[in-house]
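As stored in input17.txt (compact mmCIF, C-alpha atoms (C1' of nucleotides)):
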# COMPACT_ATOMS: atom_id res chain seq x y z
CA MET A 30 0.79 17.40 -13.93
CA LEU A 31 0.87 21.19 -14.10
CA VAL A 32 4.29 22.62 -14.87
CA LYS A 33 4.03 26.02 -13.25
CA ASP A 34 7.11 27.39 -14.92
CA LYS A 35 10.13 26.16 -16.83
CA ARG A 36 12.83 24.63 -14.71
CA SER A 37 15.50 26.24 -16.85
CA ASN A 38 16.14 27.72 -20.28
CA CYS A 39 17.72 24.52 -21.53
CA PRO A 40 15.75 23.26 -24.56
CA VAL A 41 15.97 19.67 -23.34
CA SER A 42 14.50 20.71 -20.00
CA CYS A 43 11.80 22.85 -21.69
CA ALA A 44 10.83 19.93 -23.89
CA LEU A 45 10.62 17.57 -20.92
CA ASP A 46 8.47 20.09 -19.06
CA ILE A 47 5.94 19.55 -21.85
CA TRP A 48 6.20 15.91 -22.85
CA GLY A 49 8.50 14.39 -20.25
CA ASP A 50 6.16 11.71 -18.99
CA LYS A 51 5.15 8.19 -19.89
CA TRP A 52 2.07 9.09 -21.95
CA SER A 53 2.15 12.40 -23.83
CA LEU A 54 4.38 11.21 -26.67
CA LEU A 55 2.23 8.12 -27.16
CA ILE A 56 -0.69 10.40 -27.98
CA VAL A 57 1.54 12.33 -30.38
CA ARG A 58 2.66 9.04 -31.91
CA ASP A 59 -0.96 7.92 -32.34
CA LEU A 60 -1.85 11.19 -34.06
CA MET A 61 1.23 11.18 -36.30
CA LEU A 62 1.64 7.55 -37.26
CA PHE A 63 -1.55 5.65 -36.52
CA ASP A 64 -4.17 8.04 -37.74
CA LYS A 65 -5.97 8.14 -34.39
CA LYS A 66 -8.17 11.15 -33.91
CA THR A 67 -10.69 10.65 -31.09
CA TYR A 68 -10.67 10.07 -27.36
CA GLY A 69 -11.85 6.52 -27.93
CA ASP A 70 -9.07 5.91 -30.47
CA PHE A 71 -6.41 6.87 -27.93
CA LEU A 72 -8.02 4.76 -25.21
CA LYS A 73 -7.80 1.74 -27.50
CA SER A 74 -4.01 1.93 -27.88
CA THR A 75 -2.11 -1.14 -26.73
CA GLU A 76 -0.49 0.64 -23.78
CA ARG A 77 -3.91 1.03 -22.15
CA ILE A 78 -3.84 4.57 -20.83
CA ALA A 79 -6.26 5.26 -17.98
CA THR A 80 -9.16 7.48 -18.99
CA ASN A 81 -8.44 10.22 -16.46
CA ILE A 82 -4.77 10.32 -17.43
CA LEU A 83 -5.74 10.56 -21.09
CA ALA A 84 -8.03 13.49 -20.35
CA SER A 85 -5.29 15.28 -18.40
CA ARG A 86 -2.65 14.66 -21.07
CA LEU A 87 -4.95 15.87 -23.87
CA GLN A 88 -5.59 19.04 -21.90
CA SER A 89 -1.90 19.56 -21.24
CA LEU A 90 -0.95 18.96 -24.88
CA GLU A 91 -3.63 21.40 -25.95
CA GLU A 92 -2.44 24.02 -23.47
CA HIS A 93 1.07 23.64 -24.84
CA GLY A 94 -0.11 24.03 -28.41
CA ILE A 95 0.78 20.51 -29.56
CA ILE A 96 -2.79 19.50 -30.38
CA THR A 97 -6.17 21.19 -30.99
CA LYS A 98 -9.78 20.10 -30.70
CA ARG A 99 -12.23 20.36 -33.57
CA GLU A 100 -15.82 19.38 -34.28
CA HIS A 101 -16.01 15.86 -35.56
CA PRO A 102 -17.54 15.88 -39.05
CA GLU A 103 -19.52 12.68 -38.46
CA SER A 104 -20.95 13.19 -35.01
CA LYS A 105 -21.43 15.78 -32.31
CA ALA A 106 -20.78 13.09 -29.69
CA LYS A 107 -17.21 12.77 -30.95
CA VAL A 108 -14.33 15.20 -30.67
CA LEU A 109 -11.67 15.40 -33.34
CA TYR A 110 -8.17 15.84 -31.98
CA MET A 111 -5.63 17.24 -34.40
CA ILE A 112 -1.91 17.73 -34.26
CA THR A 113 -0.68 21.31 -34.71
CA GLN A 114 2.32 22.56 -36.66
CA LYS A 115 4.28 22.64 -33.39
CA GLY A 116 3.27 19.03 -32.83
CA ILE A 117 4.14 17.97 -36.38
CA GLU A 118 7.62 19.34 -35.80
CA LEU A 119 8.15 16.68 -33.13
CA LEU A 120 8.32 14.14 -35.97
CA PRO A 121 12.12 14.03 -36.36
CA MET A 122 12.52 13.56 -32.60
CA VAL A 123 9.92 10.77 -32.57
CA ILE A 124 11.63 9.06 -35.51
CA GLU A 125 15.03 9.19 -33.80
CA THR A 126 13.40 7.74 -30.70
CA MET A 127 11.97 4.88 -32.72
CA LEU A 128 15.30 4.19 -34.40
CA TRP A 129 17.07 4.14 -31.05
CA ALA A 130 14.60 1.83 -29.35
CA ASP A 131 14.38 -0.45 -32.38
CA LYS A 132 18.07 -1.20 -31.99
CA TYR A 133 17.58 -2.59 -28.49
CA TYR A 134 13.98 -3.76 -28.20
CA PRO A 135 12.02 -5.92 -30.62
CA ALA A 136 9.31 -3.94 -32.40
CA SER A 137 5.83 -5.18 -33.15
CA ASP A 138 5.06 -6.18 -36.71
CA GLU A 139 2.84 -3.14 -37.18
CA ILE A 140 5.80 -0.88 -36.48
CA LYS A 141 8.40 -2.95 -38.33
CA GLY A 142 6.83 -1.81 -41.57
CA ILE A 143 7.27 1.82 -40.67
CA LEU A 144 10.84 1.19 -39.49
CA ILE A 145 11.73 -0.46 -42.79
CA GLU A 146 10.43 2.57 -44.64
CA ILE A 147 12.47 4.85 -42.39
CA ALA A 148 15.58 2.71 -42.80
CA ARG A 149 15.21 2.93 -46.58
CA ASN A 150 15.40 6.71 -46.56
CA LYS A 151 14.93 8.57 -43.31
CA GLU A 152 14.90 12.08 -44.72
CA ALA A 153 12.42 11.14 -47.41
CA PHE A 154 10.15 9.46 -44.90
CA ILE A 155 10.17 12.46 -42.60
CA GLU A 156 9.60 14.87 -45.48
CA SER A 157 6.71 12.85 -46.87
CA LYS A 158 5.05 12.25 -43.50
CA TYR A 159 5.55 15.89 -42.59
CA ARG A 160 3.71 17.06 -45.69
CA GLU A 161 0.98 14.49 -45.21
CA LEU A 162 0.37 15.73 -41.67
CA GLN A 163 0.31 19.32 -42.79
CA ARG A 164 -2.20 18.48 -45.48
CA THR A 165 -4.60 16.74 -43.12
CA ALA A 166 -4.09 19.50 -40.56
CA LEU A 167 -5.40 22.04 -43.05
CA THR A 168 -8.59 20.26 -44.06
CA MET B 25 9.91 4.49 -10.69
CA LEU B 26 10.25 0.79 -11.44
CA VAL B 27 8.95 -0.23 -14.84
CA LYS B 28 8.18 -3.90 -14.24
CA ASP B 29 7.72 -4.76 -17.86
CA LYS B 30 7.29 -3.02 -21.19
CA ARG B 31 3.84 -1.63 -21.82
CA SER B 32 4.01 -2.67 -25.46
CA ASN B 33 6.43 -3.51 -28.26
CA CYS B 34 6.19 -0.04 -29.73
CA PRO B 35 9.66 1.54 -29.78
CA VAL B 36 8.27 4.89 -28.63
CA SER B 37 6.64 3.21 -25.67
CA CYS B 38 9.79 1.16 -24.89
CA ALA B 39 11.89 4.31 -24.98
CA LEU B 40 9.48 6.13 -22.65
CA ASP B 41 9.54 3.17 -20.27
CA ILE B 42 13.23 3.96 -19.85
CA TRP B 43 13.58 7.72 -20.05
CA GLY B 44 9.99 8.99 -20.05
CA ASP B 45 10.23 11.22 -17.02
CA LYS B 46 11.28 14.75 -16.20
CA TRP B 47 14.85 13.95 -15.13
CA SER B 48 16.54 11.01 -16.87
CA LEU B 49 17.32 12.81 -20.12
CA LEU B 50 18.77 15.76 -18.22
CA ILE B 51 21.40 13.43 -16.79
CA VAL B 52 22.06 12.08 -20.29
CA ARG B 53 22.33 15.68 -21.54
CA ASP B 54 24.79 16.55 -18.77
CA LEU B 55 26.94 13.55 -19.65
CA MET B 56 26.81 14.16 -23.40
CA LEU B 57 27.03 17.91 -23.70
CA PHE B 58 28.24 19.41 -20.44
CA ASP B 59 31.02 17.04 -19.50
CA LYS B 60 29.49 16.25 -16.12
CA LYS B 61 30.71 13.04 -14.59
CA THR B 62 30.01 12.88 -10.87
CA TYR B 63 27.01 12.83 -8.55
CA GLY B 64 27.92 16.31 -7.38
CA ASP B 65 28.16 17.54 -10.98
CA PHE B 66 24.59 16.41 -11.69
CA LEU B 67 23.29 17.92 -8.45
CA LYS B 68 24.71 21.29 -9.49
CA SER B 69 22.68 21.47 -12.74
CA THR B 70 20.36 24.45 -13.03
CA GLU B 71 17.20 22.33 -12.85
CA ARG B 72 18.05 21.41 -9.24
CA ILE B 73 17.26 17.74 -9.08
CA ALA B 74 16.56 16.38 -5.59
CA THR B 75 19.31 14.14 -4.29
CA ASN B 76 17.11 11.08 -3.79
CA ILE B 77 15.62 11.44 -7.27
CA LEU B 78 19.10 11.74 -8.74
CA ALA B 79 20.15 8.54 -6.98
CA SER B 80 17.09 6.67 -8.26
CA ARG B 81 17.51 7.94 -11.83
CA LEU B 82 21.21 7.03 -11.89
CA GLN B 83 20.31 3.54 -10.73
CA SER B 84 17.56 3.21 -13.32
CA LEU B 85 19.79 4.48 -16.14
CA GLU B 86 22.48 2.03 -15.08
CA GLU B 87 19.99 -0.85 -14.96
CA HIS B 88 18.90 0.04 -18.47
CA GLY B 89 22.46 0.15 -19.73
CA ILE B 90 22.54 3.86 -20.55
CA ILE B 91 25.30 4.69 -18.06
CA THR B 92 27.99 2.84 -16.07
CA LYS B 93 29.90 3.57 -12.89
CA ARG B 94 33.68 3.57 -12.75
CA GLU B 95 36.37 4.37 -10.22
CA HIS B 96 37.24 8.02 -10.24
CA PRO B 97 40.92 8.43 -11.13
CA GLU B 98 41.43 11.29 -8.69
CA SER B 99 39.63 10.08 -5.60
CA LYS B 100 37.99 7.06 -4.08
CA ALA B 101 35.34 9.29 -2.56
CA LYS B 102 34.12 10.16 -6.04
CA VAL B 103 32.27 7.99 -8.52
CA LEU B 104 32.75 8.45 -12.23
CA TYR B 105 29.55 8.11 -14.21
CA MET B 106 30.02 7.34 -17.87
CA ILE B 107 27.65 7.13 -20.78
CA THR B 108 27.54 3.78 -22.60
CA GLN B 109 27.33 3.12 -26.34
CA LYS B 110 23.57 2.67 -25.94
CA GLY B 111 23.46 6.05 -24.21
CA ILE B 112 25.63 7.72 -26.83
CA GLU B 113 23.16 6.57 -29.46
CA LEU B 114 20.53 8.80 -27.85
CA LEU B 115 22.45 11.77 -29.25
CA PRO B 116 20.39 12.25 -32.46
CA MET B 117 17.17 12.14 -30.44
CA VAL B 118 18.52 14.65 -27.94
CA ILE B 119 19.66 16.95 -30.74
CA GLU B 120 16.23 16.83 -32.42
CA THR B 121 14.66 17.60 -29.05
CA MET B 122 16.91 20.64 -28.67
CA LEU B 123 16.14 21.87 -32.18
CA TRP B 124 12.41 21.49 -31.56
CA ALA B 125 12.41 23.31 -28.24
CA ASP B 126 14.75 26.01 -29.50
CA LYS B 127 12.12 26.99 -32.03
CA TYR B 128 9.54 27.74 -29.34
CA TYR B 129 11.44 28.54 -26.16
CA PRO B 130 14.37 30.93 -25.68
CA ALA B 131 17.58 29.04 -24.95
CA SER B 132 20.21 30.12 -22.46
CA ASP B 133 23.42 31.62 -23.80
CA GLU B 134 25.38 28.53 -22.84
CA ILE B 135 23.19 26.42 -25.12
CA LYS B 136 22.90 28.97 -27.93
CA GLY B 137 26.51 28.25 -28.82
CA ILE B 138 25.80 24.57 -29.23
CA LEU B 139 22.64 25.29 -31.22
CA ILE B 140 24.55 27.53 -33.61
CA GLU B 141 27.04 24.73 -34.20
CA ILE B 142 24.21 22.29 -34.82
CA ALA B 143 22.46 24.71 -37.16
CA ARG B 144 25.67 25.09 -39.15
CA ASN B 145 25.85 21.37 -39.91
CA LYS B 146 23.73 18.98 -37.93
CA GLU B 147 25.15 15.76 -39.31
CA ALA B 148 28.72 16.92 -38.80
CA PHE B 149 27.99 17.99 -35.25
CA ILE B 150 26.41 14.65 -34.39
CA GLU B 151 29.21 12.70 -36.03
CA SER B 152 31.91 14.70 -34.27
CA LYS B 153 30.23 14.59 -30.86
CA TYR B 154 29.49 10.91 -31.32
CA ARG B 155 33.16 10.10 -31.91
CA GLU B 156 34.25 12.34 -29.06
CA LEU B 157 31.93 10.51 -26.66
CA GLN B 158 33.14 7.14 -27.87
CA ARG B 159 36.73 8.21 -27.37
CA THR B 160 36.21 9.34 -23.78
CA ALA B 161 34.11 6.26 -23.12
CA LEU B 162 37.09 4.06 -23.98
CA THR B 163 39.69 5.73 -21.76
C1' DA C 25 42.55 14.81 15.24
C1' DC C 26 39.13 17.65 13.09
C1' DT C 27 36.60 19.50 9.33
C1' DT C 28 34.94 19.07 4.80
C1' DT C 29 33.67 16.67 0.72
C1' DT C 30 31.33 13.07 -1.57
C1' DA C 31 27.78 9.94 -2.58
C1' DC C 32 24.37 8.60 -1.13
C1' DT C 33 19.92 7.05 2.40
C1' DT C 34 15.90 7.99 5.29
C1' DG C 35 11.60 10.12 6.82
C1' DC C 36 7.80 12.45 5.74
C1' DA C 37 4.48 15.63 3.43
C1' DT C 38 2.62 16.45 -1.03
C1' DA C 39 1.59 15.41 -5.80
C1' DT C 40 0.71 12.19 -9.43
C1' DT C 41 -0.96 7.80 -11.17
C1' DG C 42 -4.04 4.15 -11.91
C1' DC C 43 -8.24 1.69 -11.29
C1' DA C 44 -13.19 1.55 -11.07
C1' DA C 45 -17.36 3.64 -11.17
C1' DG C 46 -20.38 7.32 -12.60
C1' DC C 47 -22.50 10.69 -15.79
C1' DA C 48 -24.61 13.66 -19.35
C1' DA C 49 -25.15 14.49 -24.16
C1' DA C 50 -25.49 12.40 -28.58
C1' DT C 51 -26.52 8.50 -31.33
C1' DT C 52 -28.29 4.02 -32.48
C1' DT C 53 -31.58 0.31 -31.89
C1' DA C 54 -36.01 -1.80 -31.04
C1' DT D 8 -40.43 7.17 -29.51
C1' DA D 9 -38.54 4.89 -25.68
C1' DA D 10 -34.66 2.21 -24.30
C1' DA D 11 -29.94 0.89 -24.91
C1' DT D 12 -25.43 2.17 -26.36
C1' DT D 13 -21.63 5.14 -27.51
C1' DT D 14 -18.73 8.94 -26.51
C1' DG D 15 -15.99 11.96 -23.87
C1' DC D 16 -15.22 12.88 -20.11
C1' DT D 17 -15.32 13.48 -14.23
C1' DT D 18 -15.00 11.71 -9.50
C1' DG D 19 -13.35 9.01 -5.55
C1' DC D 20 -9.86 6.63 -3.63
C1' DA D 21 -5.79 3.64 -2.96
C1' DA D 22 -1.06 3.11 -4.47
C1' DT D 23 3.00 5.10 -6.07
C1' DA D 24 6.29 8.77 -7.05
C1' DT D 25 8.19 13.24 -6.04
C1' DG D 26 10.39 16.77 -3.40
C1' DC D 27 12.39 18.69 0.65
C1' DA D 28 15.26 18.38 4.67
C1' DA D 29 18.08 15.99 7.54
C1' DG D 30 21.26 12.28 8.37
C1' DT D 31 25.28 9.05 7.45
C1' DA D 32 29.60 6.69 6.36
C1' DA D 33 33.79 6.63 3.86
C1' DA D 34 37.39 9.33 2.00
C1' DA D 35 40.12 13.53 1.65
C1' DG D 36 41.95 17.76 3.08
C1' DT D 37 43.90 20.81 6.95
Whole structure given in structure tokens:
Amino acid sequence: MLVKDKRSNCPVSCALDIWGDKWSLLIVRDLMLFDKKTYGDFLKSTERIATNILASRLQSLEEHGIITKREHPESKAKVLYMITQKGIELLPMVIETMLWADKYYPASDEIKGILIEIARNKEAFIESKYRELQRTALT
Amino acid sequence: MLVKDKRSNCPVSCALDIWGDKWSLLIVRDLMLFDKKTYGDFLKSTERIATNILASRLQSLEEHGIITKREHPESKAKVLYMITQKGIELLPMVIETMLWADKYYPASDEIKGILIEIARNKEAFIESKYRELQRTALT
DNA sequence: ACTTTTACTTGCATATTGCAAGCAAATTTA
DNA sequence: TAAATTTGCTTGCAATATGCAAGTAAAAGT
């Protein structure tokens, strides 16, 4: 899973070098939309990521500056994973992905709520979520 | 590369089941932005996809309704690959991906031109490209 | 007819994924 | 305070996917 060097200078290619796999964006999604913060949180997601894959993806995302690790305020046994500014900026791309897939594949009820909000006013949703993520990222 | 069934009903997960790999979106990019249409065109892209991987991705994209094959008007030896409506609708997501990556990784000159256009008026660019793709998809 | 182009397929070595089990430090429970 | 549990991983190994090189058949060009 190590990308030695970029395949090209195309931004699409550069982006895929970082998150072009089946799992990385699910971790980003969990951080951005489902308030998940720990290793155990990510493991519990419905897609059932394998523990070794999760560890490797977390490391890769950290190396690429999308997430950072912090001390968990409640326990030294836990690790707090946080999304970075660079990661927060993936929000518009994630939203467009959700809107695309929603058109062709039935979403779960949990997500339908979010999609309704987005449908109501996409820009406002992004703006509000963006600020919310930045706020929690600073504390 | 066969996704037997969806991992979950999350739209992000569904989308990744289809194009969550290092290559599929590069083919979509080539079709949408670089006017590539044939097997040979895709092989020539700077990222240098292996020929067997290209064949498997084209098949997968076709199975998922993102692209279709047509007779090439100039030659029976060639195959014309076309993007479908479902594929065209990936445009906003691809654009957001480009904008994200452009912020952190230097783009090639060929792409800088497109990015400048997008920066000038994103909505207008998407709208115009969207219609252009629909037009060529109909002929 | 012969060569080249085109769109693939095949074989095989290497890399990645996924499953299950293991493990040490921290925390909770008895 | 000793034992059990939680937490965040690592390890081993089988299955799958990737990447490279070579091959192939139909069509096109010379």
For this session: Can you pull out every residue within 6 Å of Ile95 of chain A, counting all atoms listed in the file, but drop anything in the same chain fewer than 4 positions away, and send it as a list in words?
Result: Leu90, Glu91, Thr113, Lys115 and Gly116 of chain A
Problem set entry | Shell around Tyr133 of chain A at 10 Å using only C-alpha atoms (C1' of nucleotides), local window under 6 positions removed, as a PyMOL selection string | chain B and resi 35+38-39+110
Exercise. What residues in chain B lie within 10 Å of chain D, counting only C-alpha atoms (C1' of nucleotides), written as a PyMOL selection string?
Worked result: chain B and resi 25-26+73-77+99-102
Exercise. What separation in Å, quoted to one decimal, exists between atom CA of Ile140 of chain B and atom CA of Lys61 of chain B?
Worked result: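 Separation between atom CA of Ile140 of chain B and atom CA of Lys61 of chain B: 24.7 Å.
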Exercise. Please, which residues of chain C lie no more than 10 Å from chain B when the count uses only C-alpha atoms (C1' of nucleotides), and can they be set out as a PyMOL selection string?
Worked result: chain C and resi 29-34
Got time to write the residues from that selection, C-alpha atoms (C1' of nucleotides), as a PDB file, keeping the file's coordinate frame?
ATOM      1  C1'  DT C  29      33.670  16.670   0.720  1.00  0.00           C
ATOM      2  C1'  DT C  30      31.330  13.070  -1.570  1.00  0.00           C
ATOM      3  C1'  DA C  31      27.780   9.940  -2.580  1.00  0.00           C
ATOM      4  C1'  DC C  32      24.370   8.600  -1.130  1.00  0.00           C
ATOM      5  C1'  DT C  33      19.920   7.050   2.400  1.00  0.00           C
ATOM      6  C1'  DT C  34      15.900   7.990   5.290  1.00  0.00           C
TER       7       DT C  34
END
Each side padded by 8 Å, which centre and which edge lengths in Å (one decimal) define the axis-aligned box around the listed atoms of segment 65-78 of chain A? Give them as AutoDock Vina command-line options.
--center_x -6.2 --center_y 5.0 --center_z -27.6 --size_x 27.4 --size_y 28.3 --size_z 29.6
Tell me as a short mmCIF file (atom, residue, chain, number, x, y, z; two decimals) with C-alpha atoms, in the coordinates of the input which residues belonging to chain B come within 9 Å of chain A, counting all atoms listed in the file.
data_model
loop_
_atom_site.label_atom_id
_atom_site.label_comp_id
_atom_site.auth_asym_id
_atom_site.auth_seq_id
_atom_site.Cartn_x
_atom_site.Cartn_y
_atom_site.Cartn_z
CA LYS B 30 7.29 -3.02 -21.19
CA ARG B 31 3.84 -1.63 -21.82
CA SER B 32 4.01 -2.67 -25.46
CA ASN B 33 6.43 -3.51 -28.26
CA CYS B 34 6.19 -0.04 -29.73
CA PRO B 35 9.66 1.54 -29.78
CA VAL B 36 8.27 4.89 -28.63
CA SER B 37 6.64 3.21 -25.67
CA CYS B 38 9.79 1.16 -24.89
CA ALA B 39 11.89 4.31 -24.98
CA LEU B 40 9.48 6.13 -22.65
CA ASP B 41 9.54 3.17 -20.27
CA TRP B 43 13.58 7.72 -20.05
CA GLY B 44 9.99 8.99 -20.05
CA ASP B 45 10.23 11.22 -17.02
CA LYS B 46 11.28 14.75 -16.20
CA TRP B 47 14.85 13.95 -15.13
CA LEU B 49 17.32 12.81 -20.12
CA LEU B 50 18.77 15.76 -18.22
CA ARG B 53 22.33 15.68 -21.54
CA THR B 70 20.36 24.45 -13.03
CA GLU B 71 17.20 22.33 -12.85
CA ARG B 72 18.05 21.41 -9.24
CA LYS B 110 23.57 2.67 -25.94
CA GLU B 113 23.16 6.57 -29.46
CA LEU B 114 20.53 8.80 -27.85
CA PRO B 116 20.39 12.25 -32.46
CA MET B 117 17.17 12.14 -30.44
CA VAL B 118 18.52 14.65 -27.94
CA ILE B 119 19.66 16.95 -30.74
CA GLU B 120 16.23 16.83 -32.42
CA THR B 121 14.66 17.60 -29.05
CA MET B 122 16.91 20.64 -28.67
CA LEU B 123 16.14 21.87 -32.18
CA TRP B 124 12.41 21.49 -31.56
CA ALA B 125 12.41 23.31 -28.24
CA ASP B 126 14.75 26.01 -29.50
CA TYR B 128 9.54 27.74 -29.34
CA TYR B 129 11.44 28.54 -26.16
CA PRO B 130 14.37 30.93 -25.68
CA ALA B 131 17.58 29.04 -24.95
CA SER B 132 20.21 30.12 -22.46
CA ASP B 133 23.42 31.62 -23.80
CA GLU B 134 25.38 28.53 -22.84
CA ILE B 135 23.19 26.42 -25.12
#
Exercise. Contacts of Ile91 of chain B at 10 Å or less, counting all atoms listed in the file, minus same-chain residues fewer than 4 places along, as number ranges by chain?
Worked result: B: 51-52, 55, 82-87, 105-112
So that I have them on file, write out the residues from the current selection with C-alpha atoms, as an mmCIF file, in the coordinates of the input.
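The result, written out as out_33.cif:
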data_model
loop_
_atom_site.group_PDB
_atom_site.id
_atom_site.type_symbol
_atom_site.label_atom_id
_atom_site.label_comp_id
_atom_site.auth_asym_id
_atom_site.auth_seq_id
_atom_site.Cartn_x
_atom_site.Cartn_y
_atom_site.Cartn_z
ATOM 1 C CA ILE B 51 21.400 13.430 -16.790
ATOM 2 C CA VAL B 52 22.060 12.080 -20.290
ATOM 3 C CA LEU B 55 26.940 13.550 -19.650
ATOM 4 C CA LEU B 82 21.210 7.030 -11.890
ATOM 5 C CA GLN B 83 20.310 3.540 -10.730
ATOM 6 C CA SER B 84 17.560 3.210 -13.320
ATOM 7 C CA LEU B 85 19.790 4.480 -16.140
ATOM 8 C CA GLU B 86 22.480 2.030 -15.080
ATOM 9 C CA GLU B 87 19.990 -0.850 -14.960
ATOM 10 C CA TYR B 105 29.550 8.110 -14.210
ATOM 11 C CA MET B 106 30.020 7.340 -17.870
ATOM 12 C CA ILE B 107 27.650 7.130 -20.780
ATOM 13 C CA THR B 108 27.540 3.780 -22.600
ATOM 14 C CA GLN B 109 27.330 3.120 -26.340
ATOM 15 C CA LYS B 110 23.570 2.670 -25.940
ATOM 16 C CA GLY B 111 23.460 6.050 -24.210
ATOM 17 C CA ILE B 112 25.630 7.720 -26.830
#
Problem set entry | Separation of atom CA of Glu141 of chain B from atom CA of Thr160 of chain B in Å |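 Taking atom CA of Thr160 of chain B and atom CA of Glu141 of chain B, their separation equals 20.7 Å.
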